[in-house]
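**Student:** Sharing data.pdb here; it has PDB, C-alpha atoms, pLDDT in the B column.
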ATOM      1  CA  CYS A1404     -22.247   5.316  -2.961  1.00 56.00           C
ATOM      2  CA  ASN A1405     -22.652   2.524  -0.391  1.00 70.00           C
ATOM      3  CA  THR A1406     -21.616   0.001  -3.031  1.00 77.00           C
ATOM      4  CA  GLN A1407     -18.463   1.981  -3.821  1.00 81.00           C
ATOM      5  CA  LEU A1408     -17.295   1.713  -0.193  1.00 84.00           C
ATOM      6  CA  ASN A1409     -18.415  -1.873   0.398  1.00 93.00           C
ATOM      7  CA  VAL A1410     -15.281  -4.044   0.522  1.00 96.00           C
ATOM      8  CA  LEU A1411     -17.193  -7.322   0.209  1.00 95.00           C
ATOM      9  CA  HIS A1412     -19.072  -6.129  -2.868  1.00 96.00           C
ATOM     10  CA  ASN A1413     -15.867  -4.899  -4.481  1.00 96.00           C
ATOM     11  CA  LEU A1414     -14.011  -8.083  -3.556  1.00 97.00           C
ATOM     12  CA  LYS A1415     -16.510  -9.920  -5.739  1.00 96.00           C
ATOM     13  CA  THR A1416     -16.426  -7.264  -8.464  1.00 95.00           C
ATOM     14  CA  PHE A1417     -12.644  -7.078  -8.852  1.00 96.00           C
ATOM     15  CA  PHE A1418     -11.409 -10.501  -7.751  1.00 96.00           C
ATOM     16  CA  GLY A1419     -14.422 -12.778  -8.022  1.00 95.00           C
ATOM     17  CA  TYR A1420     -14.221 -13.934  -4.393  1.00 95.00           C
ATOM     18  CA  GLU A1421     -17.355 -14.332  -2.303  1.00 95.00           C
ATOM     19  CA  GLN A1422     -15.585 -13.734   1.015  1.00 95.00           C
ATOM     20  CA  PHE A1423     -12.288 -12.754   2.603  1.00 95.00           C
ATOM     21  CA  ARG A1424      -9.877 -15.184   4.242  1.00 92.00           C
ATOM     22  CA  THR A1425     -10.025 -15.646   7.973  1.00 89.00           C
ATOM     23  CA  TYR A1426      -7.222 -16.613  10.348  1.00 85.00           C
ATOM     24  CA  GLU A1427      -8.066 -18.647  13.424  1.00 82.00           C
ATOM     25  CA  GLY A1428     -11.603 -17.372  13.071  1.00 86.00           C
ATOM     26  CA  GLU A1429     -10.561 -13.697  12.858  1.00 86.00           C
ATOM     27  CA  PRO A1430     -11.505 -11.741   9.676  1.00 90.00           C
ATOM     28  CA  LEU A1431      -8.145  -9.953   9.586  1.00 88.00           C
ATOM     29  CA  GLN A1432      -7.950  -9.617   5.808  1.00 92.00           C
ATOM     30  CA  GLU A1433     -11.330  -7.900   5.652  1.00 93.00           C
ATOM     31  CA  GLN A1434     -10.539  -5.682   8.634  1.00 92.00           C
ATOM     32  CA  ALA A1435      -7.232  -4.563   7.122  1.00 91.00           C
ATOM     33  CA  ALA A1436      -8.893  -3.744   3.784  1.00 93.00           C
ATOM     34  CA  GLN A1437     -11.721  -1.904   5.545  1.00 93.00           C
ATOM     35  CA  ALA A1438      -9.256   0.120   7.630  1.00 92.00           C
ATOM     36  CA  ALA A1439      -7.488   1.215   4.443  1.00 92.00           C
ATOM     37  CA  VAL A1440     -10.764   2.178   2.779  1.00 92.00           C
ATOM     38  CA  LYS A1441     -11.539   4.338   5.813  1.00 90.00           C
ATOM     39  CA  GLY A1442      -8.278   6.235   5.295  1.00 89.00           C
ATOM     40  CA  LYS A1443      -6.380   4.781   8.235  1.00 89.00           C
ATOM     41  CA  SER A1444      -2.677   3.977   8.351  1.00 87.00           C
ATOM     42  CA  LEU A1445      -2.040   0.366   9.221  1.00 85.00           C
ATOM     43  CA  LEU A1446       0.402  -2.462   9.674  1.00 83.00           C
ATOM     44  CA  ALA A1447      -0.616  -5.782   8.112  1.00 82.00           C
ATOM     45  CA  ILE A1448       1.293  -8.978   8.905  1.00 81.00           C
ATOM     46  CA  PHE A1449       0.299 -12.141   7.084  1.00 81.00           C
ATOM     47  CA  PRO A1450       2.004 -15.456   6.345  1.00 79.00           C
ATOM     48  CA  THR A1451       3.700 -15.823   2.964  1.00 76.00           C
ATOM     49  CA  GLY A1452       0.960 -16.447   0.429  1.00 79.00           C
ATOM     50  CA  GLY A1453      -1.636 -15.368   2.989  1.00 81.00           C
ATOM     51  CA  GLY A1454      -3.275 -12.660   0.900  1.00 87.00           C
ATOM     52  CA  LYS A1455      -1.671  -9.484   2.238  1.00 87.00           C
ATOM     53  CA  SER A1456      -1.415  -7.941  -1.248  1.00 92.00           C
ATOM     54  CA  LEU A1457      -5.188  -7.945  -1.558  1.00 94.00           C
ATOM     55  CA  THR A1458      -5.468  -5.809   1.589  1.00 93.00           C
ATOM     56  CA  PHE A1459      -3.964  -2.852  -0.279  1.00 94.00           C
ATOM     57  CA  GLN A1460      -4.825  -3.754  -3.883  1.00 96.00           C
ATOM     58  CA  LEU A1461      -8.572  -3.823  -3.264  1.00 97.00           C
ATOM     59  CA  PRO A1462      -8.710  -0.387  -1.551  1.00 96.00           C
ATOM     60  CA  ALA A1463      -6.459   0.993  -4.306  1.00 96.00           C
ATOM     61  CA  LEU A1464      -8.785  -0.247  -7.047  1.00 97.00           C
ATOM     62  CA  MET A1465     -11.842   1.038  -5.191  1.00 96.00           C
ATOM     63  CA  GLU A1466     -10.368   4.520  -4.730  1.00 95.00           C
ATOM     64  CA  GLY A1467      -9.054   4.544  -8.273  1.00 95.00           C
ATOM     65  CA  ARG A1468     -12.629   4.240  -9.475  1.00 93.00           C
ATOM     66  CA  SER A1469     -14.329   6.409  -6.836  1.00 92.00           C
ATOM     67  CA  VAL A1470     -11.934   9.358  -6.379  1.00 93.00           C
ATOM     68  CA  HIS A1471      -9.451   8.841  -9.225  1.00 94.00           C
ATOM     69  CA  GLY A1472      -6.797   8.118  -6.592  1.00 95.00           C
ATOM     70  CA  LEU A1473      -3.336   6.640  -7.039  1.00 97.00           C
ATOM     71  CA  THR A1474      -1.767   4.175  -4.598  1.00 96.00           C
ATOM     72  CA  ILE A1475       2.035   3.980  -4.541  1.00 96.00           C
ATOM     73  CA  VAL A1476       3.429   0.542  -3.733  1.00 95.00           C
ATOM     74  CA  ILE A1477       7.108   0.597  -2.771  1.00 93.00           C
ATOM     75  CA  SER A1478       8.607  -2.844  -3.273  1.00 89.00           C
ATOM     76  CA  PRO A1479      12.206  -4.082  -2.938  1.00 84.00           C
ATOM     77  CA  LEU A1480      12.307  -6.406  -5.969  1.00 84.00           C
ATOM     78  CA  GLN A1481      11.436  -5.718  -9.589  1.00 89.00           C
ATOM     79  CA  SER A1482      10.407  -9.339 -10.086  1.00 88.00           C
ATOM     80  CA  LEU A1483       7.803  -8.999  -7.303  1.00 88.00           C
ATOM     81  CA  MET A1484       6.426  -5.835  -8.880  1.00 92.00           C
ATOM     82  CA  LYS A1485       6.103  -7.574 -12.237  1.00 92.00           C
ATOM     83  CA  ASP A1486       4.446 -10.613 -10.677  1.00 93.00           C
ATOM     84  CA  GLN A1487       1.789  -8.504  -8.953  1.00 94.00           C
ATOM     85  CA  VAL A1488       1.064  -6.436 -12.054  1.00 96.00           C
ATOM     86  CA  ASP A1489       0.903  -9.596 -14.192  1.00 95.00           C
ATOM     87  CA  ASN A1490      -1.345 -11.400 -11.683  1.00 95.00           C
ATOM     88  CA  LEU A1491      -3.794  -8.505 -11.731  1.00 97.00           C
ATOM     89  CA  ALA A1492      -3.691  -8.387 -15.530  1.00 96.00           C
ATOM     90  CA  ASP A1493      -4.501 -12.108 -15.640  1.00 96.00           C
ATOM     91  CA  ARG A1494      -7.706 -11.217 -13.776  1.00 95.00           C
ATOM     92  CA  GLY A1495      -8.519  -8.560 -16.323  1.00 95.00           C
ATOM     93  CA  ILE A1496      -7.414  -5.734 -14.014  1.00 96.00           C
ATOM     94  CA  THR A1497      -5.281  -3.297 -15.983  1.00 95.00           C
ATOM     95  CA  ASP A1498      -5.143  -0.514 -13.379  1.00 96.00           C
ATOM     96  CA  ALA A1499      -1.635  -1.453 -12.154  1.00 97.00           C
ATOM     97  CA  VAL A1500       1.692  -0.447 -13.694  1.00 97.00           C
ATOM     98  CA  THR A1501       5.321  -0.618 -12.655  1.00 96.00           C
ATOM     99  CA  ILE A1502       8.139   1.779 -13.475  1.00 95.00           C
ATOM    100  CA  ASN A1503      11.612   0.349 -12.978  1.00 90.00           C
ATOM    101  CA  GLY A1504      15.067   0.176 -14.490  1.00 85.00           C
ATOM    102  CA  LEU A1505      14.451  -3.093 -16.331  1.00 86.00           C
ATOM    103  CA  LEU A1506      11.845  -1.592 -18.650  1.00 90.00           C
ATOM    104  CA  ASP A1507      12.858  -0.716 -22.188  1.00 92.00           C
ATOM    105  CA  PRO A1508      12.446   2.981 -23.092  1.00 93.00           C
ATOM    106  CA  ILE A1509       9.168   2.483 -24.978  1.00 95.00           C
ATOM    107  CA  THR A1510       7.525   0.417 -22.209  1.00 94.00           C
ATOM    108  CA  ARG A1511       8.753   2.865 -19.577  1.00 94.00           C
ATOM    109  CA  ALA A1512       7.350   5.824 -21.493  1.00 95.00           C
ATOM    110  CA  LEU A1513       3.988   4.065 -21.899  1.00 95.00           C
ATOM    111  CA  SER A1514       3.854   3.277 -18.166  1.00 95.00           C
ATOM    112  CA  ILE A1515       4.601   6.887 -17.273  1.00 96.00           C
ATOM    113  CA  GLN A1516       1.942   8.069 -19.722  1.00 96.00           C
ATOM    114  CA  ARG A1517      -0.674   5.769 -18.173  1.00 96.00           C
ATOM    115  CA  VAL A1518       0.024   7.208 -14.723  1.00 97.00           C
ATOM    116  CA  GLN A1519      -0.080  10.766 -16.041  1.00 95.00           C
ATOM    117  CA  ASP A1520      -3.338  10.130 -17.914  1.00 95.00           C
ATOM    118  CA  GLY A1521      -4.978   8.712 -14.787  1.00 95.00           C
ATOM    119  CA  GLU A1522      -5.381   5.220 -16.230  1.00 95.00           C
ATOM    120  CA  ALA A1523      -3.395   3.638 -13.362  1.00 97.00           C
ATOM    121  CA  SER A1524      -4.624   3.397  -9.775  1.00 97.00           C
ATOM    122  CA  LEU A1525      -1.655   1.264  -8.589  1.00 97.00           C
ATOM    123  CA  LEU A1526       1.966   2.240  -9.229  1.00 97.00           C
ATOM    124  CA  TYR A1527       4.728  -0.171  -8.211  1.00 97.00           C
ATOM    125  CA  ILE A1528       8.195   1.346  -7.765  1.00 96.00           C
ATOM    126  CA  SER A1529      11.400   0.714  -5.827  1.00 92.00           C
ATOM    127  CA  PRO A1530      12.434   3.061  -2.994  1.00 90.00           C
ATOM    128  CA  GLU A1531      15.253   4.370  -5.194  1.00 92.00           C
ATOM    129  CA  MET A1532      12.721   5.601  -7.763  1.00 94.00           C
ATOM    130  CA  LEU A1533      11.438   8.179  -5.280  1.00 94.00           C
ATOM    131  CA  ARG A1534      14.598  10.184  -5.995  1.00 94.00           C
ATOM    132  CA  SER A1535      13.659  10.416  -9.684  1.00 94.00           C
ATOM    133  CA  LYS A1536      12.479  13.875 -10.725  1.00 94.00           C
ATOM    134  CA  THR A1537      10.236  12.228 -13.306  1.00 93.00           C
ATOM    135  CA  ILE A1538       8.489  10.166 -10.619  1.00 94.00           C
ATOM    136  CA  GLU A1539       8.213  13.202  -8.357  1.00 94.00           C
ATOM    137  CA  LYS A1540       6.644  15.220 -11.177  1.00 95.00           C
ATOM    138  CA  ILE A1541       4.015  12.646 -12.112  1.00 94.00           C
ATOM    139  CA  LEU A1542       3.092  12.015  -8.461  1.00 95.00           C
ATOM    140  CA  MET A1543       2.635  15.729  -7.854  1.00 95.00           C
ATOM    141  CA  ALA A1544       0.137  15.768 -10.719  1.00 95.00           C
ATOM    142  CA  ARG A1545      -1.920  12.922  -9.246  1.00 96.00           C
ATOM    143  CA  HIS A1546      -4.048  12.489  -6.143  1.00 94.00           C
ATOM    144  CA  VAL A1547      -1.988   9.984  -4.138  1.00 95.00           C
ATOM    145  CA  VAL A1548      -4.332   8.333  -1.646  1.00 94.00           C
ATOM    146  CA  ARG A1549      -1.889   5.902  -0.022  1.00 94.00           C
ATOM    147  CA  PHE A1550       1.739   4.857   0.235  1.00 94.00           C
ATOM    148  CA  VAL A1551       2.294   1.133   0.705  1.00 93.00           C
ATOM    149  CA  ILE A1552       5.605  -0.330   1.910  1.00 88.00           C
ATOM    150  CA  ASP A1553       5.362  -3.899   0.638  1.00 86.00           C
ATOM    151  CA  GLU A1554       7.584  -6.713   1.921  1.00 78.00           C
ATOM    152  CA  ALA A1555       8.364  -4.539   4.943  1.00 73.00           C
ATOM    153  CA  HIS A1556       9.885  -7.518   6.741  1.00 66.00           C
ATOM    154  CA  CYS A1557      13.004  -7.068   4.584  1.00 67.00           C
ATOM    155  CA  PHE A1558      14.099  -3.901   6.357  1.00 62.00           C
ATOM    156  CA  SER A1559      12.477  -4.730   9.699  1.00 58.00           C
ATOM    157  CA  SER A1560      14.722  -7.822   9.768  1.00 56.00           C
ATOM    158  CA  TRP A1561      17.901  -6.363   8.291  1.00 57.00           C
ATOM    159  CA  GLY A1562      17.580  -2.651   9.051  1.00 54.00           C
ATOM    160  CA  GLN A1563      18.407   0.239   6.726  1.00 55.00           C
ATOM    161  CA  ASP A1564      21.518  -1.575   5.517  1.00 62.00           C
ATOM    162  CA  PHE A1565      19.164  -3.662   3.388  1.00 61.00           C
ATOM    163  CA  ARG A1566      18.536  -0.629   1.160  1.00 73.00           C
ATOM    164  CA  VAL A1567      19.642   2.791   2.335  1.00 78.00           C
ATOM    165  CA  ASP A1568      16.904   4.489   0.280  1.00 83.00           C
ATOM    166  CA  TYR A1569      14.270   3.126   2.617  1.00 83.00           C
ATOM    167  CA  LEU A1570      15.412   5.926   4.915  1.00 83.00           C
ATOM    168  CA  TYR A1571      14.323   8.421   2.244  1.00 88.00           C
ATOM    169  CA  ILE A1572      10.696   7.254   2.090  1.00 88.00           C
ATOM    170  CA  GLY A1573       9.555   9.236   5.140  1.00 88.00           C
ATOM    171  CA  LYS A1574      11.278  12.402   3.882  1.00 91.00           C
ATOM    172  CA  PHE A1575       9.678  12.018   0.453  1.00 93.00           C
ATOM    173  CA  ILE A1576       6.185  11.527   1.880  1.00 92.00           C
ATOM    174  CA  ARG A1577       6.575  14.497   4.214  1.00 91.00           C
ATOM    175  CA  GLU A1578       7.757  16.780   1.393  1.00 93.00           C
ATOM    176  CA  TYR A1579       5.038  15.486  -0.923  1.00 93.00           C
ATOM    177  CA  GLN A1580       2.382  16.363   1.658  1.00 92.00           C
ATOM    178  CA  GLN A1581       3.890  19.806   2.198  1.00 92.00           C
ATOM    179  CA  ASN A1582       4.138  20.560  -1.534  1.00 91.00           C
ATOM    180  CA  LYS A1583       0.596  19.349  -2.154  1.00 91.00           C
ATOM    181  CA  LYS A1584      -0.593  21.278   0.921  1.00 88.00           C
ATOM    182  CA  CYS A1585      -2.362  18.199   2.235  1.00 86.00           C
ATOM    183  CA  LYS A1586      -4.734  18.992   5.089  1.00 81.00           C
ATOM    184  CA  LYS A1587      -4.078  15.622   6.736  1.00 81.00           C
ATOM    185  CA  PRO A1588      -1.324  12.987   6.370  1.00 81.00           C
ATOM    186  CA  THR A1589      -1.513  10.572   3.463  1.00 83.00           C
ATOM    187  CA  PRO A1590      -2.298   7.101   4.876  1.00 79.00           C
ATOM    188  CA  ARG A1591       0.500   4.553   4.939  1.00 76.00           C
ATOM    189  CA  VAL A1592       0.393   0.758   4.864  1.00 73.00           C
ATOM    190  CA  LEU A1593       3.228  -1.455   6.064  1.00 73.00           C
ATOM    191  CA  ALA A1594       2.714  -4.945   4.635  1.00 67.00           C
ATOM    192  CA  GLU A1595       4.846  -7.733   6.105  1.00 59.00           C
ATOM    193  CA  SER A1596       5.207 -11.455   5.546  1.00 59.00           C
ATOM    194  CA  SER A1597       6.137 -13.534   8.559  1.00 53.00           C
ATOM    195  CA  GLU A1598       6.101 -17.157   9.586  1.00 50.00           C
ATOM    196  CA  ARG A1599       6.786 -16.299  13.241  1.00 47.00           C
ATOM    197  CA  VAL A1600       4.644 -13.269  14.087  1.00 45.00           C
ATOM    198  CA  PRO A1601       0.961 -13.988  14.816  1.00 38.00           C
ATOM    199  CA  TYR A1602      -1.416 -12.812  12.116  1.00 42.00           C
ATOM    200  CA  THR A1603      -2.275  -9.278  13.131  1.00 42.00           C
ATOM    201  CA  TYR A1604      -2.948  -5.784  11.958  1.00 43.00           C
ATOM    202  CA  ALA A1605      -3.022  -2.345  13.475  1.00 43.00           C
ATOM    203  CA  SER A1606      -4.719   0.829  12.379  1.00 41.00           C
ATOM    204  CA  CYS A1607      -5.281   4.396  13.441  1.00 37.00           C
ATOM    205  CA  GLY A1608      -6.769   7.681  12.324  1.00 36.00           C
ATOM    206  CA  CYS A1609      -3.316   8.892  11.263  1.00 37.00           C
ATOM    207  CA  ASP A1610      -3.134  12.185  13.130  1.00 37.00           C
ATOM    208  CA  LYS A1611      -1.171  13.462  16.091  1.00 36.00           C
ATOM    209  CA  SER A1612      -4.035  13.201  18.529  1.00 33.00           C
ATOM    210  CA  CYS A1613      -4.868   9.625  17.599  1.00 35.00           C
ATOM    211  CA  ASN A1614      -5.786   7.401  20.506  1.00 34.00           C
ATOM    212  CA  GLU A1615      -8.013   5.024  18.583  1.00 36.00           C
ATOM    213  CA  THR A1616      -7.913   1.308  19.327  1.00 35.00           C
ATOM    214  CA  SER A1617      -8.743  -1.289  16.688  1.00 36.00           C
ATOM    215  CA  PRO A1618     -11.204  -4.149  17.270  1.00 34.00           C
ATOM    216  CA  LEU A1619      -8.216  -6.443  17.829  1.00 33.00           C
ATOM    217  CA  ARG A1620      -6.728  -4.318  20.603  1.00 29.00           C
ATOM    218  CA  ARG A1621      -3.936  -2.925  18.473  1.00 35.00           C
ATOM    219  CA  ASN A1622      -3.291   0.780  18.416  1.00 31.00           C
ATOM    220  CA  CYS A1623      -0.849   3.178  16.908  1.00 33.00           C
ATOM    221  CA  CYS A1624      -0.138   6.841  16.571  1.00 30.00           C
ATOM    222  CA  SER A1625       1.665   8.809  13.904  1.00 32.00           C
ATOM    223  CA  SER A1626       3.928  11.841  13.792  1.00 32.00           C
ATOM    224  CA  ASP A1627       4.772  14.061  10.854  1.00 35.00           C
ATOM    225  CA  SER A1628       7.491  11.762   9.550  1.00 36.00           C
ATOM    226  CA  THR A1629       6.983   8.243  10.888  1.00 40.00           C
ATOM    227  CA  LEU A1630       4.328   5.753  11.833  1.00 41.00           C
ATOM    228  CA  THR A1631       4.842   4.282  15.287  1.00 43.00           C
ATOM    229  CA  LEU A1632       2.963   1.131  16.183  1.00 43.00           C
ATOM    230  CA  ASN A1633       2.354  -0.507  19.536  1.00 42.00           C
ATOM    231  CA  ILE A1634       1.082  -4.014  18.887  1.00 41.00           C
ATOM    232  CA  ASP A1635      -0.437  -6.489  21.305  1.00 40.00           C
ATOM    233  CA  PRO A1636       0.199 -10.017  19.906  1.00 41.00           C
ATOM    234  CA  LEU A1637      -2.894 -11.936  18.927  1.00 38.00           C
ATOM    235  CA  THR A1638      -3.241 -15.057  21.014  1.00 37.00           C
ATOM    236  CA  GLY A1639      -6.463 -16.498  19.773  1.00 35.00           C
TER     237      GLY A1639
END
Could you render the structure from this file as structure tokens?
**Tutor:**
Amino acid sequence: CNTQLNVLHNLKTFFGYEQFRTYEGEPLQEQAAQAAVKGKSLLAIFPTGGGKSLTFQLPALMEGRSVHGLTIVISPLQSLMKDQVDNLADRGITDAVTINGLLDPITRALSIQRVQDGEASLLYISPEMLRSKTIEKILMARHVVRFVIDEAHCFSSWGQDFRVDYLYIGKFIREYQQNKKCKKPTPRVLAESSERVPYTYASCGCDKSCNETSPLRRNCCSSDSTLTLNIDPLTG
């Protein structure tokens, strides 16, 4: 059981790495992954190519094996979804699938079947796909352990005009939790790339009474529909 929840052990098991990356001496990548494993909602900001994908992929793979959970990764570009699925497959990790409009009917049907059969622990989709009744049906049949908003800097920079369906994500998650009669909110991860913002992350217990502060002095609290973050910039 301890091995199942040990992020360092599973980092080696799934990705072959002996240790996580550090930034200016801070183990932010490990802390972000550990926060996700503990069921917290979090904001992760890393430089482009800085390893932010691993902070949600590793917890997703761990929970796929331990509790048969499914992590939903909402991404703005189909090419990015394909790249991440292909990169995992190159490592021998076949737990990730994508469902998007570029797939031919046979490939799409096979991807849907893998999610339904519980073979996938990572599902990459666009925000528009949340309006699909097929997607809604298969997600209702699975234990969704986390929603990840990847490349969140796209709408944080350009607002909802970037893709209007980003406004629908909160409504979908809220209705999903109500329909599944979830006892507590499903954790959310906002993953951003930035060359200007200091490398930082924030996490919380994801409930209304949250007043928890992370080791890096970042704290947040959540409501029924949104995740609000108050971040103190990291200076060293």
**Student:** Run the PyMOL selection byres ((chain A and resi 1470) around 12) against the file shown and list the residues it catches, as a PDB file with C-alpha atoms, keeping the file's coordinate frame.
**Tutor:**
ATOM      1  CA  CYS A1404     -22.247   5.316  -2.961  1.00 56.00           C
ATOM      2  CA  GLN A1407     -18.463   1.981  -3.821  1.00 81.00           C
ATOM      3  CA  LEU A1408     -17.295   1.713  -0.193  1.00 84.00           C
ATOM      4  CA  VAL A1440     -10.764   2.178   2.779  1.00 92.00           C
ATOM      5  CA  PRO A1462      -8.710  -0.387  -1.551  1.00 96.00           C
ATOM      6  CA  ALA A1463      -6.459   0.993  -4.306  1.00 96.00           C
ATOM      7  CA  LEU A1464      -8.785  -0.247  -7.047  1.00 97.00           C
ATOM      8  CA  MET A1465     -11.842   1.038  -5.191  1.00 96.00           C
ATOM      9  CA  GLU A1466     -10.368   4.520  -4.730  1.00 95.00           C
ATOM     10  CA  GLY A1467      -9.054   4.544  -8.273  1.00 95.00           C
ATOM     11  CA  ARG A1468     -12.629   4.240  -9.475  1.00 93.00           C
ATOM     12  CA  SER A1469     -14.329   6.409  -6.836  1.00 92.00           C
ATOM     13  CA  HIS A1471      -9.451   8.841  -9.225  1.00 94.00           C
ATOM     14  CA  GLY A1472      -6.797   8.118  -6.592  1.00 95.00           C
ATOM     15  CA  LEU A1473      -3.336   6.640  -7.039  1.00 97.00           C
ATOM     16  CA  THR A1474      -1.767   4.175  -4.598  1.00 96.00           C
ATOM     17  CA  GLY A1521      -4.978   8.712 -14.787  1.00 95.00           C
ATOM     18  CA  SER A1524      -4.624   3.397  -9.775  1.00 97.00           C
ATOM     19  CA  ARG A1545      -1.920  12.922  -9.246  1.00 96.00           C
ATOM     20  CA  HIS A1546      -4.048  12.489  -6.143  1.00 94.00           C
ATOM     21  CA  VAL A1547      -1.988   9.984  -4.138  1.00 95.00           C
ATOM     22  CA  VAL A1548      -4.332   8.333  -1.646  1.00 94.00           C
TER      23      VAL A1548
END
**Student:** Figure out the distance between atom CA of A:Lys1441 and atom CA of A:Ile1552, please, to one decimal in Å.
**Tutor:** 18.2 Å
**Student:** Write out as a compact mmCIF listing (two decimals) with C-alpha atoms, in the frame of the given file each polymer residue whose atoms come within 12 Å of A:Ile1576, counting all atoms listed in the file; drop sequence neighbours fewer than 5 positions from it.
**Tutor:**
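File part.txt, as written:
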# COMPACT_ATOMS: atom_id res chain seq x y z
CA ILE A 1475 2.04 3.98 -4.54
CA ILE A 1477 7.11 0.60 -2.77
CA PRO A 1530 12.43 3.06 -2.99
CA LEU A 1533 11.44 8.18 -5.28
CA ARG A 1534 14.60 10.18 -6.00
CA GLU A 1539 8.21 13.20 -8.36
CA LEU A 1542 3.09 12.02 -8.46
CA MET A 1543 2.64 15.73 -7.85
CA VAL A 1547 -1.99 9.98 -4.14
CA VAL A 1548 -4.33 8.33 -1.65
CA ARG A 1549 -1.89 5.90 -0.02
CA PHE A 1550 1.74 4.86 0.24
CA VAL A 1551 2.29 1.13 0.70
CA ILE A 1552 5.60 -0.33 1.91
CA TYR A 1569 14.27 3.13 2.62
CA LEU A 1570 15.41 5.93 4.92
CA TYR A 1571 14.32 8.42 2.24
CA GLN A 1581 3.89 19.81 2.20
CA ASN A 1582 4.14 20.56 -1.53
CA LYS A 1583 0.60 19.35 -2.15
CA LYS A 1584 -0.59 21.28 0.92
CA CYS A 1585 -2.36 18.20 2.24
CA PRO A 1588 -1.32 12.99 6.37
CA THR A 1589 -1.51 10.57 3.46
CA PRO A 1590 -2.30 7.10 4.88
CA ARG A 1591 0.50 4.55 4.94
CA ASP A 1627 4.77 14.06 10.85
CA SER A 1628 7.49 11.76 9.55
CA THR A 1629 6.98 8.24 10.89
CA LEU A 1630 4.33 5.75 11.83
**Student:** Using all atoms listed in the file for the distances, tell me which of A:Ile1509, A:Ala1447, A:Ile1541, A:Glu1421 is nearest to A:Ala1523.
**Tutor:** A:Ile1541
**Student:** Atom CA of A:Ile1502 to atom CA of A:Glu1554: how many Å, to one decimal?
**Tutor:**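 Atom CA of A:Ile1502 sits 17.6 Å away from atom CA of A:Glu1554.
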**Student:** Between atom CA of A:Gln1432 and atom CA of A:Ser1529, what is the distance in Å, rounded to a tenth?
**Tutor:**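 Atom CA of A:Gln1432 sits 24.8 Å away from atom CA of A:Ser1529.
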